[in-house]
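Asker: Attaching a single structure in structure tokens format; questions to follow.
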Amino acid sequence: MIGASAILLAEVCQTVSQDLHHTNRISVTKTLHAVMYFFPFLPSQGEQKAFTKVIDLSSCDPHRTGMPPISFVRQVLSLCCYPELLKEDSFPLDVKQKTQKLLEACNGGSIGSYSSSTVGLPPIQRSVAEFLTRRDGGINSNPEDIILSSGSQKTLADGQDGVLAPLPFPHTLPMLLDEVGVELVPYRLTEERGWALDLEELHRALMTARRQCDPRAIYVSNPGNPTGHVQDRETIEKIIHFAASERLVLLVEEVYQDSVFGQDKKFLSYKKVLFEMGVSYSETVEMVSFHSISTATMGECGLRGGYMELINLDPAVKKFLFHAPGSPSILPQLAMEIMVNPPAPGDNTFFLTQEILLRAETLSQNAGRACKLLNSLPGMSCQPAMGGVFLYPRLHLPAEIIEEAKMLRLSADVLYCRRLLEEEGICLGPGFGHLTNMFPATISFSLALSWCFYCSRFHPALTIQVTFLGRFVSYSHSD
């Protein structure tokens, strides 16, 4: 695949690698900002309410919910910002050593310098490549295939390209694809199988899409965002075979690869499976995988850092991407290096290890508790998550709600979210991707179980008559 379409799709994933997991456009302290992001209506300003603050459940930002940052990460970044602190005795030796190594990677030994390349600092690219090689059991990763990024880029589009994307999909995906002039082509995941991907549905979506656009890529998320589904080897092989036979670029989001807790589940990278399928696939299938420091363990969403690994892309496309205008910010690159290259065993890593284990345990426990709560509420059901930081419940609303929504010229999910906001101060968001007789809605569990009392008080008044999908429930932190 060469030309404008290939360049467009490669840049799409550069946009997606950053912005899918950054919802910092939403203000949790101002109701107006939170509501403007999700709703086509505004509440009355100055109106007295029973609650004193709005609880924003629309974000998967761990730090916003109160989860503290990892000490080692912040200590190193602090010293990088102010190297004079290296003279202090209060910082552990491994923190100072990591700081010195990172500063050596920066031009002039300062984070205030420009990146030496439009795709990132070479030492950080090497660290990412080494991480990928370790992760995939020795399958080589080339630093020259790594692009570090801290934001979206302007793109070249002809307005006729399409990307197959799962439904449910990340709530920012439609806006991102629309921004770069790409048609979103949804393929439905199977709720009854824990939101698994069905190959026949992929073929149906592709054939339907070709009537109105030219599908060039398939976007997959593993672990699923927002479904929490973790794909097994058989599924990944089928998707790779599908992409190869249909000549589609694979855009693989693997941001929650460190957050797999489902029983007997483990993360398998698409690259590892691709290369184990033999050279007929490993040397021909075009794939771009991306990761981010917005991951559940790191949680540094506000730093806006990520990387892409380009596999088998056309040289002309790689050349275009490697000479894109601008350069990524330095601090997110340093945070990325810490994430992919943490202290080795034997270093002063006790507290770092304990913090990471605590986060993993919190996620696993909250996933179970949140799912149990949702399934206990009348008119609500939810599939258990296997990984990631989201749940995706199904809500059942009474006919009265549907009729009232029609009278107000709103969808039922918007009205549900609006009433919960007005009555309990809980900010949810309507979802995307309407299905027949189903209306998506957004419920985020970013504050984990802190909203349970309010939801348990609000939701039982609803009766089971009309069904719609609930958009994601994040459970990244317990209150």
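By convention here, the chains of the structure tokens are called A, B, ... in the order presented, each chain's residues are numbered starting at 1, and ligands are numbered starting at 1 in the order presented.
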Give the strand (DSSP E) residues of segment 250-373 of chain A, as DSSP finds them on the backbone, and put them as a PyMOL selection string.
Answerer: chain A and resi 250-253+287-292+306-311
Asker: Here is a test: counting only C-alpha atoms, which residue of A:Ala360, A:Ile426, A:Cys382, A:Leu373 is nearest to Glu191 of chain A?
Answerer: A:Cys382
Asker: Which of these, A:Ala316, A:Leu303, A:Leu374, A:Val260, has the shortest distance to Ser329 of chain A once you count only C-alpha atoms?
Answerer: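 For Ser329 of chain A, the nearest of the given residues is A:Leu303.
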Asker: As a list in words, please: the residues near Ile402 of chain A (cut-off 7 Å, only C-alpha atoms, same-chain neighbours under 4 positions excluded).
Answerer: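 Non-adjacent residues within range: Pro398, Lys406 and Ala412 of chain A.
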Asker: Save out the residues we just selected, all heavy atoms, as a PDB file, in the first residue's frame.
Answerer:
```pdb
ATOM      1  N   PRO A 398     -37.315   2.039  31.326  1.00  0.00           N
ATOM      2  CA  PRO A 398     -38.769   1.961  31.128  1.00  0.00           C
ATOM      3  C   PRO A 398     -39.215   2.733  29.898  1.00  0.00           C
ATOM      4  O   PRO A 398     -38.546   3.665  29.448  1.00  0.00           O
ATOM      5  CB  PRO A 398     -39.332   2.577  32.408  1.00  0.00           C
ATOM      6  CG  PRO A 398     -38.260   3.494  32.888  1.00  0.00           C
ATOM      7  CD  PRO A 398     -36.965   2.826  32.518  1.00  0.00           C
ATOM      8  N   LYS A 406     -37.944  11.207  23.623  1.00  0.00           N
ATOM      9  CA  LYS A 406     -38.427  11.587  22.297  1.00  0.00           C
ATOM     10  C   LYS A 406     -39.062  12.971  22.317  1.00  0.00           C
ATOM     11  O   LYS A 406     -38.859  13.779  21.407  1.00  0.00           O
ATOM     12  CB  LYS A 406     -39.425  10.552  21.786  1.00  0.00           C
ATOM     13  CG  LYS A 406     -38.807   9.209  21.430  1.00  0.00           C
ATOM     14  CD  LYS A 406     -39.865   8.237  20.940  1.00  0.00           C
ATOM     15  CE  LYS A 406     -39.259   6.882  20.579  1.00  0.00           C
ATOM     16  NZ  LYS A 406     -40.298   5.922  20.133  1.00  0.00           N
ATOM     17  N   ALA A 412     -32.343   8.292  24.591  1.00  0.00           N
ATOM     18  CA  ALA A 412     -32.625   7.825  25.944  1.00  0.00           C
ATOM     19  C   ALA A 412     -31.390   7.837  26.831  1.00  0.00           C
ATOM     20  O   ALA A 412     -31.477   8.115  28.031  1.00  0.00           O
ATOM     21  CB  ALA A 412     -33.215   6.414  25.887  1.00  0.00           C
TER      22      ALA A 412
END
```
Asker: Which one is closest to Gln354 of chain A: A:Trp195, A:Asp61, A:Asn107, A:Phe72? Count only C-alpha atoms.
Answerer: A:Phe72
Asker: Where does DSSP see alpha helix (DSSP H) in segment 122-201 of chain A, if you list the residues as a VMD selection string?
Answerer: chain A and resid 122 to 135 173 to 179 199 to 201
Asker: Kindly save the residues from that selection, with N, CA and C atoms included, as a PDB file, in the first residue's frame.
Answerer:
```pdb
ATOM      1  N   PRO A 122      16.956   9.111  20.205  1.00  0.00           N
ATOM      2  CA  PRO A 122      17.439   7.757  19.863  1.00  0.00           C
ATOM      3  C   PRO A 122      17.624   6.826  21.057  1.00  0.00           C
ATOM      4  N   PRO A 123      18.181   7.289  22.200  1.00  0.00           N
ATOM      5  CA  PRO A 123      18.311   6.362  23.337  1.00  0.00           C
ATOM      6  C   PRO A 123      16.963   5.859  23.846  1.00  0.00           C
ATOM      7  N   ILE A 124      15.927   6.693  23.762  1.00  0.00           N
ATOM      8  CA  ILE A 124      14.603   6.267  24.211  1.00  0.00           C
ATOM      9  C   ILE A 124      14.012   5.280  23.206  1.00  0.00           C
ATOM     10  N   GLN A 125      14.242   5.528  21.931  1.00  0.00           N
ATOM     11  CA  GLN A 125      13.803   4.567  20.910  1.00  0.00           C
ATOM     12  C   GLN A 125      14.437   3.195  21.155  1.00  0.00           C
ATOM     13  N   ARG A 126      15.720   3.189  21.507  1.00  0.00           N
ATOM     14  CA  ARG A 126      16.408   1.916  21.773  1.00  0.00           C
ATOM     15  C   ARG A 126      15.801   1.223  22.992  1.00  0.00           C
ATOM     16  N   SER A 127      15.482   1.992  24.030  1.00  0.00           N
ATOM     17  CA  SER A 127      14.887   1.399  25.230  1.00  0.00           C
ATOM     18  C   SER A 127      13.540   0.769  24.924  1.00  0.00           C
ATOM     19  N   VAL A 128      12.734   1.443  24.107  1.00  0.00           N
ATOM     20  CA  VAL A 128      11.434   0.891  23.723  1.00  0.00           C
ATOM     21  C   VAL A 128      11.618  -0.394  22.928  1.00  0.00           C
ATOM     22  N   ALA A 129      12.560  -0.378  21.991  1.00  0.00           N
ATOM     23  CA  ALA A 129      12.819  -1.570  21.170  1.00  0.00           C
ATOM     24  C   ALA A 129      13.295  -2.741  22.038  1.00  0.00           C
ATOM     25  N   GLU A 130      14.131  -2.471  23.021  1.00  0.00           N
ATOM     26  CA  GLU A 130      14.605  -3.522  23.918  1.00  0.00           C
ATOM     27  C   GLU A 130      13.455  -4.078  24.756  1.00  0.00           C
ATOM     28  N   PHE A 131      12.564  -3.197  25.201  1.00  0.00           N
ATOM     29  CA  PHE A 131      11.379  -3.626  25.949  1.00  0.00           C
ATOM     30  C   PHE A 131      10.513  -4.558  25.107  1.00  0.00           C
ATOM     31  N   LEU A 132      10.278  -4.190  23.859  1.00  0.00           N
ATOM     32  CA  LEU A 132       9.445  -5.011  22.977  1.00  0.00           C
ATOM     33  C   LEU A 132      10.088  -6.361  22.703  1.00  0.00           C
ATOM     34  N   THR A 133      11.408  -6.373  22.555  1.00  0.00           N
ATOM     35  CA  THR A 133      12.117  -7.630  22.324  1.00  0.00           C
ATOM     36  C   THR A 133      11.983  -8.557  23.531  1.00  0.00           C
ATOM     37  N   ARG A 134      12.120  -7.992  24.742  1.00  0.00           N
ATOM     38  CA  ARG A 134      11.936  -8.797  25.960  1.00  0.00           C
ATOM     39  C   ARG A 134      10.504  -9.286  26.079  1.00  0.00           C
ATOM     40  N   ARG A 135       9.574  -8.396  25.849  1.00  0.00           N
ATOM     41  CA  ARG A 135       8.151  -8.746  25.990  1.00  0.00           C
ATOM     42  C   ARG A 135       7.754  -9.897  25.082  1.00  0.00           C
ATOM     43  N   LEU A 173     -12.667   7.867  19.605  1.00  0.00           N
ATOM     44  CA  LEU A 173     -12.278   7.381  18.282  1.00  0.00           C
ATOM     45  C   LEU A 173     -13.053   8.033  17.138  1.00  0.00           C
ATOM     46  N   PRO A 174     -14.384   8.163  17.215  1.00  0.00           N
ATOM     47  CA  PRO A 174     -15.094   8.799  16.092  1.00  0.00           C
ATOM     48  C   PRO A 174     -14.609  10.212  15.809  1.00  0.00           C
ATOM     49  N   MET A 175     -14.354  10.984  16.866  1.00  0.00           N
ATOM     50  CA  MET A 175     -13.884  12.352  16.676  1.00  0.00           C
ATOM     51  C   MET A 175     -12.504  12.380  16.034  1.00  0.00           C
ATOM     52  N   LEU A 176     -11.635  11.451  16.451  1.00  0.00           N
ATOM     53  CA  LEU A 176     -10.278  11.423  15.911  1.00  0.00           C
ATOM     54  C   LEU A 176     -10.278  11.071  14.430  1.00  0.00           C
ATOM     55  N   LEU A 177     -11.072  10.069  14.052  1.00  0.00           N
ATOM     56  CA  LEU A 177     -11.114   9.675  12.647  1.00  0.00           C
ATOM     57  C   LEU A 177     -11.767  10.755  11.795  1.00  0.00           C
ATOM     58  N   ASP A 178     -12.794  11.387  12.338  1.00  0.00           N
ATOM     59  CA  ASP A 178     -13.438  12.471  11.605  1.00  0.00           C
ATOM     60  C   ASP A 178     -12.471  13.632  11.393  1.00  0.00           C
ATOM     61  N   GLU A 179     -11.623  13.851  12.396  1.00  0.00           N
ATOM     62  CA  GLU A 179     -10.649  14.947  12.326  1.00  0.00           C
ATOM     63  C   GLU A 179      -9.674  14.767  11.172  1.00  0.00           C
ATOM     64  N   LEU A 199     -15.455 -13.392  13.440  1.00  0.00           N
ATOM     65  CA  LEU A 199     -14.869 -13.248  12.108  1.00  0.00           C
ATOM     66  C   LEU A 199     -15.943 -12.993  11.041  1.00  0.00           C
ATOM     67  N   GLU A 200     -17.085 -13.652  11.157  1.00  0.00           N
ATOM     68  CA  GLU A 200     -18.159 -13.425  10.189  1.00  0.00           C
ATOM     69  C   GLU A 200     -18.638 -11.976  10.225  1.00  0.00           C
ATOM     70  N   GLU A 201     -18.663 -11.399  11.411  1.00  0.00           N
ATOM     71  CA  GLU A 201     -19.065 -10.003  11.540  1.00  0.00           C
ATOM     72  C   GLU A 201     -18.051  -9.078  10.870  1.00  0.00           C
TER      73      GLU A 201
END
```
Asker: Rank A:Ala165, A:Met339, A:Ile139, A:Leu334 by their smallest atom-to-atom distance to Arg188 of chain A, using only C-alpha atoms, and report the top residue only.
Answerer: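 When distances to Arg188 of chain A are compared using only C-alpha atoms, the smallest one comes from A:Ala165.
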Asker: Which residues come within 8 Å of Pro332 of chain A, counting only C-alpha atoms, excluding same-chain residues fewer than 3 positions away, as a PyMOL selection string?
Answerer: chain A and resi 150+293+303-306+329+335-336
